[in-house]
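Visitor: My structure is below; once you've seen it, I'll send some questions.
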Amino acid sequence: QVHLVESGGGLVQPGASLRLSCASSGDKFSVSPMSWYRQARGKERELVATAYTTSSNPYYTDSVKGRFAVSRVNVNNTVYLQMDSLKPDDTAVYYCYDRRSGSWGQGTQVTVSS
């Protein structure tokens, strides 16, 4: 069982930035594609970004392209989501997901409001 712990969420104003972190306990982190999902109140969970294990370009959903950046540091078993130019529509609980093991983190709340 892989344990994932997200951190870095909070309340920010529109236009601000946040960086989310997800620390993994898995011993196969370096070969695990890692994704960030989000779920806004009353909506379905949606895929935001994926960091692959190869040199392939990361995946981003259209609504965050140019504003969010996913990265990973395998030696630290950590994946990051840098979120810039945040909008109220980005308000959601953000979850980390290990695509190899199928493990989810507990989520971290991001609220964008003036």
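Just remember, in the structure tokens the first chain shown is A, the second B, etc., residues are 1-based per chain, and ligands are 1-based in the order shown.
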If you count only C-alpha atoms, which residues fall within 8 Å of A:Gly9, apart from same-chain ones fewer than 6 positions away, as a ChimeraX atom specification?
Guide: /A:18-20,108-111
Visitor: So that I have them on file, write out the residues from the current selection with all heavy atoms, as a compact mmCIF listing (two decimals), in the first residue's frame.
Guide:
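Written output follows (again-v1.txt):
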# COMPACT_ATOMS: atom_id res chain seq x y z
N LEU A 18 0.23 29.15 -5.74
CA LEU A 18 0.42 28.14 -4.70
C LEU A 18 1.23 27.01 -5.29
O LEU A 18 1.15 26.75 -6.49
CB LEU A 18 -0.91 27.58 -4.21
CG LEU A 18 -1.75 28.37 -3.20
CD1 LEU A 18 -3.08 27.66 -2.98
CD2 LEU A 18 -1.01 28.54 -1.89
N ARG A 19 1.95 26.32 -4.43
CA ARG A 19 2.64 25.10 -4.86
C ARG A 19 2.19 23.96 -3.96
O ARG A 19 2.40 23.99 -2.73
CB ARG A 19 4.15 25.23 -4.82
CG ARG A 19 4.85 24.02 -5.45
CD ARG A 19 6.34 24.14 -5.51
NE ARG A 19 6.98 23.82 -4.24
CZ ARG A 19 8.23 23.37 -4.13
NH1 ARG A 19 8.96 23.19 -5.21
NH2 ARG A 19 8.75 23.13 -2.95
N LEU A 20 1.60 22.96 -4.57
CA LEU A 20 1.19 21.76 -3.86
C LEU A 20 2.30 20.73 -3.92
O LEU A 20 3.01 20.62 -4.94
CB LEU A 20 -0.08 21.17 -4.46
CG LEU A 20 -1.28 22.10 -4.58
CD1 LEU A 20 -2.48 21.33 -5.14
CD2 LEU A 20 -1.62 22.76 -3.26
N THR A 108 -6.00 18.15 -0.46
CA THR A 108 -5.69 19.43 0.17
C THR A 108 -6.59 20.49 -0.46
O THR A 108 -6.75 20.53 -1.68
CB THR A 108 -4.20 19.79 0.04
OG1 THR A 108 -3.92 20.98 0.77
CG2 THR A 108 -3.77 19.97 -1.41
N GLN A 109 -7.17 21.34 0.37
CA GLN A 109 -8.13 22.33 -0.11
C GLN A 109 -7.42 23.55 -0.67
O GLN A 109 -6.52 24.12 -0.02
CB GLN A 109 -9.05 22.76 1.03
CG GLN A 109 -10.04 23.86 0.68
CD GLN A 109 -11.14 23.38 -0.26
OE1 GLN A 109 -11.74 22.34 -0.04
NE2 GLN A 109 -11.41 24.16 -1.31
N VAL A 110 -7.84 23.95 -1.86
CA VAL A 110 -7.38 25.20 -2.47
C VAL A 110 -8.61 26.08 -2.67
O VAL A 110 -9.58 25.66 -3.32
CB VAL A 110 -6.67 24.95 -3.81
CG1 VAL A 110 -6.39 26.28 -4.51
CG2 VAL A 110 -5.39 24.16 -3.59
N THR A 111 -8.58 27.26 -2.08
CA THR A 111 -9.68 28.21 -2.22
C THR A 111 -9.14 29.52 -2.79
O THR A 111 -8.21 30.09 -2.23
CB THR A 111 -10.37 28.47 -0.88
OG1 THR A 111 -10.83 27.22 -0.34
CG2 THR A 111 -11.56 29.40 -1.05
Visitor: Excluding A:Tyr94 and its own-chain neighbours fewer than 5 positions away, which residues fall within 12 Å of it when counting only C-alpha atoms? Please give them as a ChimeraX atom specification.
Guide: /A:5-10,18-22,35-41,45-49,80-81,83,104-111
Visitor: Between A:Val112, A:Met34, A:Leu4, A:Val93, which residue has the minimum interatomic distance to A:Tyr59, considering only C-alpha atoms?
Guide: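 Of all the options, A:Met34 lies closest to A:Tyr59.
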Visitor: Tell me, as a list in words, which residues lie within 12 Å of A:Thr50, counting only C-alpha atoms; anything in the same chain fewer than 4 positions away does not count.
Guide: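 That gives Ser32, Pro33, Met34, Ser35, Trp36, Tyr37, Glu46, Thr54, Ser56, Asn57, Pro58, Tyr59, Tyr60, Thr61, Phe68, Ala69, Val70, Ser71, Arg72, Val79, Tyr80, Leu81, Tyr95, Cys96, Tyr97, Asp98 and Arg99 of chain A.
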Visitor: Could you work out how far atom CA of A:Asn76 lies from atom CA of A:Ala23, giving the answer in Å with one decimal?
Guide: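 The value is 7.8 Å.
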Visitor: Among the residues of chain A, find those DSSP assigns to strand (DSSP E) from the backbone and print them as a PyMOL selection string.
Guide: chain A and resi 4-7+10-12+18-24+34-39+46-51+59-60+68-73+78-83+92-98+103-104+108-112
Visitor: Those residues you just picked out, can you put them in a file as a compact mmCIF listing (two decimals), in the first residue's frame with C-alpha atoms?
Guide:
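Result went into out_12.txt, see below:
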# COMPACT_ATOMS: atom_id res chain seq x y z
CA LEU A 4 0.45 9.71 -0.35
CA VAL A 5 0.39 12.95 1.63
CA GLU A 6 -0.50 16.26 -0.01
CA SER A 7 0.33 19.68 1.39
CA GLY A 10 -4.78 27.31 1.32
CA LEU A 11 -6.85 30.42 0.76
CA VAL A 12 -5.48 32.89 -1.77
CA LEU A 18 0.42 28.14 -4.70
CA ARG A 19 2.64 25.10 -4.86
CA LEU A 20 1.19 21.76 -3.86
CA SER A 21 3.40 18.88 -2.80
CA CYS A 22 2.67 15.17 -2.66
CA ALA A 23 5.06 12.91 -0.78
CA SER A 24 4.93 9.19 -1.55
CA MET A 34 1.79 10.62 -10.89
CA SER A 35 -1.32 12.70 -11.40
CA TRP A 36 -3.10 15.59 -9.76
CA TYR A 37 -6.89 15.59 -9.71
CA ARG A 38 -9.29 18.10 -8.29
CA GLN A 39 -12.89 18.03 -7.18
CA GLU A 46 -11.27 15.83 -12.86
CA LEU A 47 -7.75 15.11 -14.00
CA VAL A 48 -5.60 18.24 -13.83
CA ALA A 49 -2.08 17.12 -14.70
CA THR A 50 0.14 14.05 -15.01
CA ALA A 51 3.89 13.75 -14.63
CA TYR A 59 -0.37 16.22 -19.51
CA TYR A 60 -2.53 19.21 -18.57
CA PHE A 68 0.01 25.16 -13.84
CA ALA A 69 3.21 23.12 -13.97
CA VAL A 70 3.69 19.59 -12.67
CA SER A 71 7.11 18.30 -11.74
CA ARG A 72 8.67 15.47 -9.79
CA VAL A 73 11.82 14.85 -7.78
CA THR A 78 7.70 13.90 -4.31
CA VAL A 79 5.53 15.35 -7.05
CA TYR A 80 4.66 19.04 -7.19
CA LEU A 81 1.97 21.17 -8.76
CA GLN A 82 2.93 24.81 -9.24
CA MET A 83 -0.23 26.85 -9.70
CA ALA A 92 -11.37 22.59 -5.21
CA VAL A 93 -9.89 19.81 -3.17
CA TYR A 94 -6.73 18.68 -4.94
CA TYR A 95 -5.72 15.03 -4.82
CA CYS A 96 -2.52 13.24 -5.68
CA TYR A 97 -2.84 9.88 -7.47
CA ASP A 98 -0.28 7.16 -8.10
CA SER A 103 -3.35 4.99 -4.47
CA TRP A 104 -4.93 8.34 -3.58
CA THR A 108 -5.69 19.43 0.17
CA GLN A 109 -8.13 22.33 -0.11
CA VAL A 110 -7.38 25.20 -2.47
CA THR A 111 -9.68 28.21 -2.22
CA VAL A 112 -9.31 31.19 -4.55
Visitor: Have a look at A:Ser55, A:Ser25, A:His3, A:Gln13 and name the one nearest to A:Asp89; count only C-alpha atoms.
Guide: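 Between A:Ser55, A:Ser25, A:His3, A:Gln13, the residue approaching A:Asp89 most closely is A:Gln13.
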